[in-house]
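So this block is model-v8.cif, mmCIF, C-alpha atoms:
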```cif
data_coords
loop_
_atom_site.label_atom_id
_atom_site.label_comp_id
_atom_site.auth_asym_id
_atom_site.auth_seq_id
_atom_site.Cartn_x
_atom_site.Cartn_y
_atom_site.Cartn_z
CA MET A 1 0.00 0.00 0.00
CA ILE A 2 1.30 3.40 -0.92
CA ARG A 3 0.15 6.19 1.35
CA LEU A 4 1.12 9.66 2.46
CA ALA A 5 3.93 9.62 4.96
CA THR A 6 3.37 10.80 8.51
CA PRO A 7 5.98 12.11 10.92
CA THR A 8 6.14 8.71 12.57
CA ASP A 9 7.58 7.37 9.31
CA GLY A 10 10.60 9.64 9.70
CA ALA A 11 12.78 6.96 11.23
CA ALA A 12 12.10 4.44 8.48
CA ILE A 13 12.61 7.04 5.78
CA ALA A 14 15.91 8.12 7.26
CA ARG A 15 17.02 4.51 7.70
CA ILE A 16 16.35 3.69 4.05
CA TYR A 17 17.96 6.92 2.87
CA ASN A 18 21.08 6.20 4.90
CA GLN A 19 21.52 2.74 3.39
CA ASN A 20 23.14 4.45 0.43
CA LEU A 21 25.83 5.83 2.70
CA THR A 22 26.57 2.57 4.43
CA GLU A 23 26.63 0.73 1.10
CA ALA A 24 28.86 3.40 -0.48
CA GLY A 25 26.26 3.52 -3.22
CA PHE A 26 25.51 6.02 -5.93
CA ALA A 27 21.90 6.87 -5.15
CA ASN A 28 22.60 10.46 -4.20
CA CYS A 29 25.32 12.97 -3.47
CA ASP A 30 24.79 13.18 0.24
CA LEU A 31 27.70 12.38 2.49
CA ASN A 32 25.88 13.13 5.72
CA PRO A 33 23.31 10.76 7.19
CA ALA A 34 19.71 11.83 7.51
CA THR A 35 18.14 11.84 10.94
CA ALA A 36 14.74 10.58 11.91
CA GLU A 37 13.97 13.86 13.64
CA ALA A 38 14.79 15.95 10.58
CA ARG A 39 12.72 13.72 8.31
CA ALA A 40 9.79 13.75 10.72
CA CYS A 41 9.96 17.52 10.90
CA GLN A 42 10.15 17.77 7.13
CA ILE A 43 7.02 15.65 6.76
CA ALA A 44 5.19 17.51 9.50
CA THR A 45 5.81 20.85 7.84
CA SER A 46 5.36 19.79 4.23
CA VAL A 47 2.61 21.21 2.07
CA PRO A 48 0.28 19.04 -0.03
CA ARG A 49 2.00 20.04 -3.25
CA PHE A 50 5.28 18.51 -2.08
CA PRO A 51 4.35 15.22 -0.48
CA THR A 52 6.29 12.23 0.76
CA PHE A 53 4.79 8.79 0.23
CA VAL A 54 5.68 5.49 1.81
CA HIS A 55 5.21 1.98 0.52
CA GLU A 56 4.01 -0.12 3.42
CA GLN A 57 4.08 -3.86 3.26
CA ASP A 58 2.98 -6.02 6.18
CA GLY A 59 3.50 -3.13 8.56
CA THR A 60 7.00 -2.40 7.26
CA ILE A 61 8.08 0.61 5.26
CA ALA A 62 9.62 -0.91 2.15
CA GLY A 63 10.35 2.34 0.36
CA TRP A 64 9.41 5.94 -0.04
CA SER A 65 9.06 8.62 -2.65
CA SER A 66 8.75 12.37 -2.65
CA ILE A 67 8.16 15.39 -4.82
CA LYS A 68 10.04 18.56 -4.06
CA LYS A 69 11.03 21.75 -5.80
CA LEU A 70 13.78 21.36 -8.35
CA SER A 71 16.84 21.70 -6.16
CA ALA A 72 18.88 23.65 -8.69
CA ARG A 73 15.99 25.97 -9.60
CA PRO A 74 13.40 26.00 -6.82
CA CYS A 75 11.65 28.97 -8.37
CA TYR A 76 10.24 27.05 -11.32
CA PRO A 77 6.66 26.46 -10.27
CA ASP A 78 5.75 23.81 -12.81
CA VAL A 79 8.80 21.62 -12.34
CA GLY A 80 9.10 19.04 -9.61
CA GLU A 81 12.02 16.84 -8.62
CA ILE A 82 11.28 13.33 -7.48
CA ALA A 83 13.05 10.88 -5.25
CA VAL A 84 12.41 7.16 -4.90
CA TYR A 85 14.21 4.99 -2.38
CA VAL A 86 13.71 1.31 -1.66
CA ASP A 87 14.82 -0.58 1.42
CA ARG A 88 17.64 -2.97 0.56
CA ASP A 89 15.56 -5.91 1.73
CA HIS A 90 12.75 -5.06 -0.65
CA ARG A 91 14.62 -4.40 -3.86
CA ALA A 92 13.82 -6.26 -7.06
CA LYS A 93 10.26 -6.72 -5.82
CA LEU A 94 8.63 -3.94 -7.82
CA VAL A 95 8.46 -1.62 -4.82
CA GLY A 96 10.48 1.01 -6.64
CA ALA A 97 8.46 0.67 -9.83
CA ALA A 98 5.21 1.03 -7.89
CA LEU A 99 6.48 4.10 -6.07
CA LEU A 100 7.75 5.64 -9.28
CA VAL A 101 4.51 5.20 -11.20
CA HIS A 102 2.55 6.41 -8.19
CA VAL A 103 4.64 9.54 -7.72
CA ILE A 104 4.32 10.42 -11.41
CA ASP A 105 0.54 10.22 -11.09
CA ALA A 106 0.66 12.25 -7.88
CA ALA A 107 2.73 14.95 -9.57
CA ARG A 108 0.33 15.16 -12.48
CA GLU A 109 -2.60 15.47 -10.08
CA ARG A 110 -0.79 18.35 -8.38
CA GLY A 111 -0.41 20.27 -11.61
CA PHE A 112 3.26 19.79 -12.32
CA GLN A 113 4.12 19.95 -15.99
CA THR A 114 7.62 18.53 -15.83
CA LEU A 115 9.21 16.07 -13.47
CA ILE A 116 12.96 15.82 -13.10
CA SER A 117 14.81 12.81 -11.79
CA ILE A 118 18.46 13.45 -11.08
CA ILE A 119 20.42 10.24 -11.31
CA LEU A 120 24.11 9.51 -10.99
CA SER A 121 25.43 7.76 -14.07
CA LYS A 122 26.56 4.74 -12.07
CA ASN A 123 23.07 4.16 -10.72
CA LEU A 124 21.93 1.97 -13.57
CA ALA A 125 18.91 0.55 -11.78
CA SER A 126 17.41 3.99 -11.32
CA LEU A 127 18.33 5.00 -14.84
CA ARG A 128 16.55 1.97 -16.28
CA GLY A 129 13.52 2.53 -14.08
CA ALA A 130 13.20 6.18 -15.04
CA GLN A 131 13.59 5.50 -18.75
CA ALA A 132 11.11 2.66 -18.58
CA THR A 133 8.49 5.04 -17.21
CA GLY A 134 8.98 7.72 -19.84
CA PHE A 135 11.77 9.89 -18.49
CA GLN A 136 14.17 11.14 -21.12
CA LEU A 137 17.72 12.32 -20.68
CA VAL A 138 17.83 16.12 -20.96
CA ALA A 139 21.22 17.00 -19.49
CA THR A 140 24.52 15.44 -18.56
CA LEU A 141 26.68 17.30 -16.07
CA ARG A 142 30.07 15.77 -16.60
CA GLU A 143 31.99 14.81 -13.48
CA ALA A 144 29.85 17.14 -11.43
CA ALA A 145 30.02 14.99 -8.31
CA HIS A 146 32.89 13.40 -6.44
CA LEU A 147 31.75 10.32 -4.63
CA HIS A 148 33.67 7.42 -3.14
CA GLY A 149 36.86 8.59 -4.83
CA GLN A 150 35.31 8.78 -8.28
CA TRP A 151 34.19 11.61 -10.53
CA ILE A 152 30.61 10.92 -11.45
CA ASP A 153 28.48 12.29 -14.26
CA VAL A 154 25.11 13.57 -13.10
CA LEU A 155 22.18 12.88 -15.39
CA TRP A 156 18.99 14.91 -15.49
CA LEU A 157 16.01 13.04 -16.82
CA ALA A 158 12.73 14.79 -17.53
CA ARG A 159 9.20 13.54 -17.89
CA ASP A 160 6.74 15.80 -19.67
CA LEU A 161 3.50 15.31 -17.76
CA THR A 162 1.48 17.21 -20.34
CA GLN A 163 2.11 14.52 -22.92
CA PRO A 164 1.59 10.78 -22.84
CA PRO A 165 4.79 8.75 -22.66
CA ASP A 166 5.97 6.65 -25.57
CA GLU A 167 4.12 3.45 -26.26
CA ARG A 168 6.61 1.19 -24.54
CA SER A 169 6.61 3.26 -21.37
CA GLU A 170 2.85 3.43 -21.43
CA ARG A 171 2.69 -0.35 -21.57
CA ILE A 172 5.12 -0.67 -18.67
CA ILE A 173 3.21 1.87 -16.59
CA ARG A 174 -0.07 0.10 -17.27
CA TRP A 175 1.53 -3.14 -16.30
CA VAL A 176 2.92 -1.71 -13.06
CA ARG A 177 -0.46 -0.20 -12.19
CA HIS A 178 -2.11 -3.53 -12.79
CA THR A 179 0.54 -5.28 -10.72
CA ILE A 180 0.16 -2.82 -7.87
CA MET A 181 -3.55 -3.50 -7.81
CA ASP A 182 -2.74 -7.18 -7.89
CA ALA A 183 -0.71 -7.02 -4.68
CA HIS A 184 2.69 -6.85 -6.36
CA ARG A 185 2.53 -10.32 -7.76
CA PRO A 186 5.90 -11.29 -9.24
CA HIS A 187 5.96 -11.32 -13.01
CA PRO A 188 8.61 -12.69 -15.36
CA GLU A 189 8.49 -9.54 -17.49
CA ALA A 190 8.88 -7.17 -14.61
CA PRO A 191 10.92 -4.08 -15.39
CA HIS A 192 14.03 -3.60 -13.34
CA ASP A 193 13.29 -2.42 -9.89
CA GLN A 194 13.97 1.18 -9.06
CA GLU A 195 16.46 0.82 -6.30
CA ASN A 196 16.88 4.46 -5.59
CA ALA A 197 16.51 7.41 -7.78
CA ARG A 198 17.95 10.71 -6.96
CA SER A 199 21.26 12.36 -6.55
CA VAL B 1 23.43 34.03 -17.34
CA GLY B 2 21.03 36.72 -18.35
CA ARG B 3 20.64 40.04 -19.97
CA THR B 4 18.66 42.81 -18.39
CA PRO B 5 16.62 45.08 -20.62
CA SER B 6 17.25 48.81 -20.65
CA PRO B 7 18.12 49.76 -17.09
CA GLN B 8 19.30 53.27 -16.32
CA PHE B 9 22.03 52.92 -13.78
CA LYS B 10 23.42 55.83 -11.91
CA PRO B 11 26.99 55.92 -10.77
CA THR B 12 27.51 55.73 -7.06
CA ASP B 13 30.48 57.00 -5.16
CA ASP B 14 30.63 54.38 -2.46
CA HIS B 15 32.17 51.66 -4.60
CA PRO B 16 35.79 51.12 -3.78
CA ALA B 17 37.33 51.02 -7.23
CA GLN B 18 39.77 48.33 -6.31
CA GLU B 19 40.64 45.70 -8.78
CA LEU B 20 40.78 42.09 -7.87
CA THR B 21 44.38 41.36 -7.22
CA ALA B 22 43.50 37.79 -6.45
CA LEU B 23 42.01 37.42 -9.87
CA ARG B 24 45.06 38.90 -11.52
CA ALA B 25 47.30 36.62 -9.52
CA ALA B 26 45.24 33.70 -10.70
CA GLY B 27 46.00 34.61 -14.27
CA GLY B 28 43.64 34.78 -17.17
CA LEU B 29 42.15 38.16 -16.35
CA ARG B 30 42.07 40.20 -19.51
CA ALA B 31 42.53 43.90 -19.63
CA ALA B 32 38.98 44.98 -19.12
CA PRO B 33 37.58 48.07 -20.78
CA GLY B 34 35.82 48.80 -17.52
CA VAL B 35 36.68 48.10 -13.95
CA ILE B 36 36.01 44.72 -12.45
CA ARG B 37 36.05 44.62 -8.71
CA SER B 38 34.69 42.67 -5.80
CA ALA B 39 31.06 43.36 -5.06
CA VAL B 40 30.30 44.87 -1.68
CA PRO B 41 26.98 44.94 0.17
CA SER B 42 26.35 48.53 -0.86
CA ASP B 43 26.21 47.28 -4.47
CA ALA B 44 23.16 45.23 -3.66
CA GLU B 45 20.63 47.80 -4.86
CA LEU B 46 22.13 48.16 -8.33
CA MET B 47 22.92 44.48 -8.63
CA GLY B 48 19.40 43.70 -7.54
CA ALA B 49 17.99 46.05 -10.17
CA LEU B 50 19.93 44.25 -12.89
CA TYR B 51 18.77 40.97 -11.49
CA ALA B 52 15.15 42.09 -11.33
CA GLY B 53 15.32 43.01 -15.00
CA ALA B 54 16.52 39.53 -15.81
CA ILE B 55 13.78 37.96 -13.73
CA ASN B 56 11.13 40.07 -15.42
CA ALA B 57 12.59 39.02 -18.76
CA ARG B 58 12.46 35.39 -17.56
CA ALA B 59 16.17 35.07 -18.18
CA ALA B 60 16.97 31.92 -16.24
CA ALA B 61 17.25 33.61 -12.89
CA TYR B 62 17.27 31.69 -9.64
CA HIS B 63 14.25 33.56 -8.32
CA GLN B 64 10.83 33.69 -9.90
CA THR B 65 10.00 37.17 -8.65
CA PRO B 66 12.46 39.95 -7.84
CA PRO B 67 13.63 39.70 -4.25
CA SER B 68 13.77 42.75 -2.04
CA ILE B 69 17.13 44.44 -1.71
CA ALA B 70 17.60 42.86 1.69
CA GLU B 71 16.69 39.42 0.38
CA PHE B 72 18.95 39.85 -2.61
CA ALA B 73 21.86 41.01 -0.45
CA ALA B 74 21.39 38.06 1.87
CA TRP B 75 21.35 35.70 -1.10
CA VAL B 76 24.29 37.01 -3.07
CA PHE B 77 26.52 37.92 -0.14
CA ASP B 78 25.98 34.71 1.76
CA GLY B 79 29.50 33.78 2.70
CA VAL B 80 28.76 30.08 2.76
CA GLU B 81 26.81 29.80 -0.46
CA THR B 82 28.62 32.43 -2.49
CA TYR B 83 32.24 31.91 -3.38
CA LEU B 84 32.67 35.07 -5.39
CA ALA B 85 30.69 38.16 -6.37
CA ILE B 86 32.13 40.78 -8.71
CA VAL B 87 30.79 43.74 -10.60
CA GLU B 88 31.85 45.51 -13.75
CA GLU B 89 31.69 49.26 -14.03
CA HIS B 90 32.04 51.50 -17.04
CA ASP B 91 32.57 55.18 -16.32
CA GLY B 92 31.40 54.61 -12.81
CA CYS B 93 28.18 52.89 -13.87
CA MET B 94 27.58 49.29 -12.98
CA VAL B 95 26.96 47.36 -16.16
CA GLY B 96 26.93 43.86 -14.80
CA TRP B 97 27.62 41.50 -11.99
CA CYS B 98 28.70 37.93 -11.73
CA ALA B 99 28.66 35.50 -8.86
CA ILE B 100 29.83 31.99 -8.32
CA ARG B 101 27.72 30.15 -5.84
CA ARG B 102 27.43 26.65 -4.54
CA PHE B 103 25.63 24.53 -7.11
CA HIS B 104 23.99 22.10 -4.75
CA GLU B 105 23.83 21.68 -1.01
CA ARG B 106 24.89 18.04 -1.09
CA ALA B 107 28.50 17.48 -0.26
CA ALA B 108 29.55 15.42 -3.26
CA TYR B 109 28.72 18.40 -5.49
CA ALA B 110 31.28 20.58 -3.72
CA PRO B 111 33.73 20.72 -6.67
CA THR B 112 30.98 22.10 -8.90
CA ALA B 113 29.66 25.63 -8.67
CA GLU B 114 27.10 27.69 -10.54
CA LEU B 115 27.93 30.86 -12.36
CA TYR B 116 25.41 33.69 -12.37
CA ALA B 117 25.97 36.67 -14.64
CA TYR B 118 23.63 39.54 -15.36
CA VAL B 119 24.66 42.35 -17.65
CA ALA B 120 22.94 45.43 -18.96
CA PRO B 121 22.71 45.85 -22.71
CA GLY B 122 24.71 48.60 -24.28
CA GLY B 123 27.47 49.45 -26.69
CA ASP B 124 28.26 47.72 -29.91
CA ALA B 125 29.76 44.61 -28.41
CA PRO B 126 28.03 42.28 -26.01
CA ARG B 127 29.04 42.92 -22.46
CA GLY B 128 29.96 40.36 -19.92
CA PHE B 129 32.90 38.64 -21.54
CA GLU B 130 35.52 40.15 -19.25
CA LEU B 131 33.29 39.80 -16.24
CA ILE B 132 32.68 36.12 -16.78
CA SER B 133 36.31 35.51 -17.74
CA ALA B 134 37.36 37.00 -14.42
CA ALA B 135 34.92 34.82 -12.54
CA VAL B 136 36.08 31.71 -14.36
CA SER B 137 39.70 32.51 -13.49
CA ALA B 138 38.75 32.96 -9.88
CA ALA B 139 36.88 29.68 -9.89
CA ARG B 140 39.91 27.88 -11.23
CA ALA B 141 42.14 29.55 -8.65
CA ARG B 142 39.76 28.41 -5.98
CA GLY B 143 40.15 24.82 -7.10
CA LEU B 144 36.66 24.31 -8.42
CA ARG B 145 36.40 21.55 -10.97
CA SER B 146 33.48 22.71 -13.05
CA LEU B 147 31.03 25.55 -13.50
CA ILE B 148 27.37 25.27 -14.43
CA ALA B 149 25.37 28.09 -15.97
CA PHE B 150 21.71 28.32 -16.88
CA ALA B 151 20.52 30.49 -19.75
CA THR B 152 17.25 30.84 -21.55
CA ALA B 153 17.57 28.95 -24.75
CA ASN B 154 16.15 31.71 -26.92
CA GLU B 155 18.47 34.54 -25.92
CA PRO B 156 21.42 34.99 -28.26
CA LEU B 157 23.56 37.02 -25.88
CA PRO B 158 23.97 34.52 -23.05
CA MET B 159 24.21 31.71 -25.53
CA GLY B 160 26.96 33.53 -27.40
CA LEU B 161 28.74 34.39 -24.22
CA ALA B 162 28.56 30.82 -23.12
CA ALA B 163 29.99 29.62 -26.39
CA CYS B 164 32.76 32.25 -26.44
CA LEU B 165 33.70 31.56 -22.88
CA GLY B 166 34.23 27.87 -23.28
CA PHE B 167 30.98 26.63 -21.84
CA ALA B 168 29.61 23.58 -23.59
CA ARG B 169 25.96 22.77 -23.74
CA ALA B 170 25.15 20.11 -21.15
CA GLY B 171 21.47 19.91 -21.95
CA SER B 172 18.29 21.80 -21.29
CA LEU B 173 15.23 21.99 -19.13
CA PRO B 174 12.08 21.69 -21.23
CA ALA B 175 9.78 24.67 -21.51
CA THR B 176 6.56 24.78 -19.54
CA SER B 177 3.57 27.03 -20.03
CA ARG B 178 5.12 29.56 -17.66
CA GLN B 179 8.80 29.43 -18.53
CA PRO B 180 10.89 29.09 -21.65
CA ALA B 181 13.27 26.24 -22.20
CA ILE B 182 16.43 26.70 -20.19
CA GLY B 183 19.81 25.81 -21.60
CA ILE B 184 22.27 24.22 -19.19
CA PHE B 185 25.93 24.88 -19.85
CA GLN B 186 29.04 23.53 -18.24
CA ARG B 187 32.69 24.40 -18.28
CA LEU B 188 34.85 21.61 -16.99
CA LEU B 189 37.83 23.46 -15.60
CA ALA B 190 39.72 20.31 -14.75
CA ALA B 191 39.88 19.34 -18.40
CA GLU B 192 41.72 22.58 -19.14
CA GLU B 193 44.56 21.98 -16.75
CA SER B 194 47.95 21.33 -18.26
CA PRO B 195 49.25 17.81 -17.87
CA PRO B 196 52.10 17.48 -15.36
#
```
What does this structure look like when you write it as structure tokens?
Amino acid sequence: MIRLATPTDGAAIARIYNQNLTEAGFANCDLNPATAEARACQIATSVPRFPTFVHEQDGTIAGWSSIKKLSARPCYPDVGEIAVYVDRDHRAKLVGAALLVHVIDAARERGFQTLISIILSKNLASLRGAQATGFQLVATLREAAHLHGQWIDVLWLARDLTQPPDERSERIIRWVRHTIMDAHRPHPEAPHDQENARS
Amino acid sequence: VGRTPSPQFKPTDDHPAQELTALRAAGGLRAAPGVIRSAVPSDAELMGALYAGAINARAAAYHQTPPSIAEFAAWVFDGVETYLAIVEEHDGCMVGWCAIRRFHERAAYAPTAELYAYVAPGGDAPRGFELISAAVSAARARGLRSLIAFATANEPLPMGLAACLGFARAGSLPATSRQPAIGIFQRLLAAEESPP
């Protein structure tokens, strides 16, 4: 079940976010761990236009997603930046795909025209997930981040919410929606899971 | 990077007309036709007016609506977020300003900064070349690895400046009903360093 996050989800959200640090992963450019208190406060003070969602499974938070202002240009009112993170124990189970499709729908409902997903070039799972759901590469910032001793390209992918996605993406999205409604039943043609999706 | 339409700037006498010795020491500063100097808080009003013109022209500014002078001063003179702020004067009139600010709050982005430049139109040649050149030199001297600049895709001046100043197109933000497409440019300073 995907639902709006509440402040009590702050600890789970921070825990999942911090897995990237402990794994020395390439999900984002943060080098400082998130705290439960800060996340709870963020959720408590958030406005409906910029929500955080959690994916709850059997009482456990398996992942979360959010829409926020575009970090590099927060003044652009029609552009949102999304994040999707999946608990390491729930990856490759369509949690990320469900969250991604859900957050795209949520952004459209909130009137956003463009969604941006900022993905580090080494984060192939997120890249595949974004492209599968209609995001297209719009910018490559070469070696813009220095992470774990490596210079990393930062990719900006955009999804035009005023237009339908390409046919393949539309099929995938329909399939994910159907699968979500069908309690995330495993499927041999499942798209790659969205492990984590923002830098 | 933006161009402000038709401002009428008055000279002020409280600008210390000091040149940036640090920039000269860093090398690469061309002989400017005007004076390029560090911005000081008392420049905020004129800088803010240039900036407001760019915002009203939807020229890829950071803000959507012009900030107050106090808000602008707090933004551009933030010692943590802003690495450099310089202005260019011609005959005592401010014709442009340029700042290099942190690109993103997350730590792994620290080697990358964003360049902001706003110049008034005027003269036969586009302004801003010397100003941006000085800022780029300062960025290199500071050890930054790359600079990002945003410019509206349909404005020839910033696009030309970007091309002349070694910025390559990194991509663009699509247009929406309320904003034009925004070009994203990058200059990778590290690639310009001489091999040992």
| said: I'd like the neighbourhood of Arg178 (chain B) as a PyMOL selection string, where a residue qualifies if any of its atoms comes within 10 Å (using all atoms listed in the file), though same-chain residues fewer than 5 positions away should be ignored. | reply: (chain A and resi 76-78+113) or (chain B and resi 58)
**Asked** Do you know which residues the PyMOL selection byres ((chain B) within 9 of (chain A)) returns on this file, as a VMD selection string?
**Response** chain B and resid 60 to 65 103 to 113 145 to 148 169 to 179 184 to 186 188
Suppose a student applies the PyMOL selection byres ((chain A and resi 81-92) around 9) to this structure; what residues should they get, written as a PyMOL selection string? chain A and resi 13+15-17+19+27+55+61-71+79-80+93-96+99-100+103-104+107+114-118+126+192-199
Practice prompt. Name every residue that the PyMOL selection byres ((chain A and resi 34) around 7) selects in this structure, writing the answer as a PyMOL selection string with chains first and numbers rising.
Written response: chain A and resi 14+17-18+32-33+35-36
From CA of Arg187 (chain B) to CA of Trp97 (chain B) the spacing works out at 18.9 Å
**Prompt:** For the atom pair CA of Phe53 (chain A) and CA of Ser121 (chain A), what is the interatomic distance in Å to one decimal place?
**Reply:**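 Computing it gives 25.1 Å between the two atoms.
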Counting all atoms listed in the file, find the residues whose atoms lie at most 12 Å from (12.1, 17.2, 6.4) (file coordinates) and write them out as a PDB file with C-alpha atoms, in the frame of the given file.
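Resulting contents of part-v5.pdb:
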```pdb
ATOM      1  CA  ALA A   5       3.930   9.620   4.960  1.00  0.00           C
ATOM      2  CA  THR A   6       3.370  10.800   8.510  1.00  0.00           C
ATOM      3  CA  PRO A   7       5.980  12.110  10.920  1.00  0.00           C
ATOM      4  CA  ASP A   9       7.580   7.370   9.310  1.00  0.00           C
ATOM      5  CA  GLY A  10      10.600   9.640   9.700  1.00  0.00           C
ATOM      6  CA  ALA A  11      12.780   6.960  11.230  1.00  0.00           C
ATOM      7  CA  ILE A  13      12.610   7.040   5.780  1.00  0.00           C
ATOM      8  CA  ALA A  14      15.910   8.120   7.260  1.00  0.00           C
ATOM      9  CA  ALA A  34      19.710  11.830   7.510  1.00  0.00           C
ATOM     10  CA  THR A  35      18.140  11.840  10.940  1.00  0.00           C
ATOM     11  CA  ALA A  36      14.740  10.580  11.910  1.00  0.00           C
ATOM     12  CA  GLU A  37      13.970  13.860  13.640  1.00  0.00           C
ATOM     13  CA  ALA A  38      14.790  15.950  10.580  1.00  0.00           C
ATOM     14  CA  ARG A  39      12.720  13.720   8.310  1.00  0.00           C
ATOM     15  CA  ALA A  40       9.790  13.750  10.720  1.00  0.00           C
ATOM     16  CA  CYS A  41       9.960  17.520  10.900  1.00  0.00           C
ATOM     17  CA  GLN A  42      10.150  17.770   7.130  1.00  0.00           C
ATOM     18  CA  ILE A  43       7.020  15.650   6.760  1.00  0.00           C
ATOM     19  CA  ALA A  44       5.190  17.510   9.500  1.00  0.00           C
ATOM     20  CA  THR A  45       5.810  20.850   7.840  1.00  0.00           C
ATOM     21  CA  SER A  46       5.360  19.790   4.230  1.00  0.00           C
ATOM     22  CA  VAL A  47       2.610  21.210   2.070  1.00  0.00           C
ATOM     23  CA  PHE A  50       5.280  18.510  -2.080  1.00  0.00           C
ATOM     24  CA  PRO A  51       4.350  15.220  -0.480  1.00  0.00           C
ATOM     25  CA  THR A  52       6.290  12.230   0.760  1.00  0.00           C
ATOM     26  CA  SER A  66       8.750  12.370  -2.650  1.00  0.00           C
ATOM     27  CA  LYS A  68      10.040  18.560  -4.060  1.00  0.00           C
TER      28      LYS A  68
END
```
Which residues are near Ile36 (chain B)? Cut-off 7 Å, all atoms listed in the file, ignore same chain within fewer than 3 positions. Put them as a ChimeraX atom specification. /B:19,86-89,131
Q.
Show me, as a ChimeraX atom specification, the residues that have an atom within 10 Å of Phe77 (chain B) when counting only C-alpha atoms, minus same-chain residues fewer than 2 positions from it.
A. /B:39-41,44,71-75,79-85,99,101
File of the preceding selection, C-alpha atoms, as a compact mmCIF listing (two decimals), keeping the file's coordinate frame:
```
# COMPACT_ATOMS: atom_id res chain seq x y z
CA ALA B 39 31.06 43.36 -5.06
CA VAL B 40 30.30 44.87 -1.68
CA PRO B 41 26.98 44.94 0.17
CA ALA B 44 23.16 45.23 -3.66
CA GLU B 71 16.69 39.42 0.38
CA PHE B 72 18.95 39.85 -2.61
CA ALA B 73 21.86 41.01 -0.45
CA ALA B 74 21.39 38.06 1.87
CA TRP B 75 21.35 35.70 -1.10
CA GLY B 79 29.50 33.78 2.70
CA VAL B 80 28.76 30.08 2.76
CA GLU B 81 26.81 29.80 -0.46
CA THR B 82 28.62 32.43 -2.49
CA TYR B 83 32.24 31.91 -3.38
CA LEU B 84 32.67 35.07 -5.39
CA ALA B 85 30.69 38.16 -6.37
CA ALA B 99 28.66 35.50 -8.86
CA ARG B 101 27.72 30.15 -5.84
```
- List every protein, DNA or RNA residue that has at least one atom no more than 10 Å from (35.3, 32.0, -13.6) in the file's coordinates, counting all atoms listed in the file, and write the result as a VMD selection string. chain B and resid 23 28 to 29 84 98 to 100 113 to 115 130 to 142 144 146 to 147 165 187 189
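Coordinates place CA of Cys93 (chain B) at a distance of 10.4 Å from CA of Ala120 (chain B).
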Take region 73-100 of chain A from the block and save it with C-alpha atoms, as an mmCIF file, in the first residue's frame.
```
data_model
loop_
_atom_site.group_PDB
_atom_site.id
_atom_site.type_symbol
_atom_site.label_atom_id
_atom_site.label_comp_id
_atom_site.auth_asym_id
_atom_site.auth_seq_id
_atom_site.Cartn_x
_atom_site.Cartn_y
_atom_site.Cartn_z
ATOM 1 C CA ARG A 73 15.994 25.970 -9.598
ATOM 2 C CA PRO A 74 13.400 25.995 -6.818
ATOM 3 C CA CYS A 75 11.646 28.969 -8.366
ATOM 4 C CA TYR A 76 10.244 27.048 -11.318
ATOM 5 C CA PRO A 77 6.661 26.456 -10.269
ATOM 6 C CA ASP A 78 5.753 23.812 -12.808
ATOM 7 C CA VAL A 79 8.800 21.624 -12.338
ATOM 8 C CA GLY A 80 9.101 19.041 -9.607
ATOM 9 C CA GLU A 81 12.017 16.836 -8.620
ATOM 10 C CA ILE A 82 11.281 13.329 -7.479
ATOM 11 C CA ALA A 83 13.052 10.881 -5.249
ATOM 12 C CA VAL A 84 12.413 7.163 -4.902
ATOM 13 C CA TYR A 85 14.211 4.988 -2.380
ATOM 14 C CA VAL A 86 13.706 1.306 -1.663
ATOM 15 C CA ASP A 87 14.822 -0.582 1.419
ATOM 16 C CA ARG A 88 17.644 -2.970 0.564
ATOM 17 C CA ASP A 89 15.562 -5.913 1.732
ATOM 18 C CA HIS A 90 12.748 -5.058 -0.654
ATOM 19 C CA ARG A 91 14.622 -4.401 -3.860
ATOM 20 C CA ALA A 92 13.816 -6.263 -7.056
ATOM 21 C CA LYS A 93 10.260 -6.724 -5.824
ATOM 22 C CA LEU A 94 8.628 -3.936 -7.815
ATOM 23 C CA VAL A 95 8.455 -1.622 -4.823
ATOM 24 C CA GLY A 96 10.482 1.011 -6.643
ATOM 25 C CA ALA A 97 8.462 0.674 -9.832
ATOM 26 C CA ALA A 98 5.214 1.033 -7.888
ATOM 27 C CA LEU A 99 6.478 4.098 -6.068
ATOM 28 C CA LEU A 100 7.748 5.645 -9.275
#
```
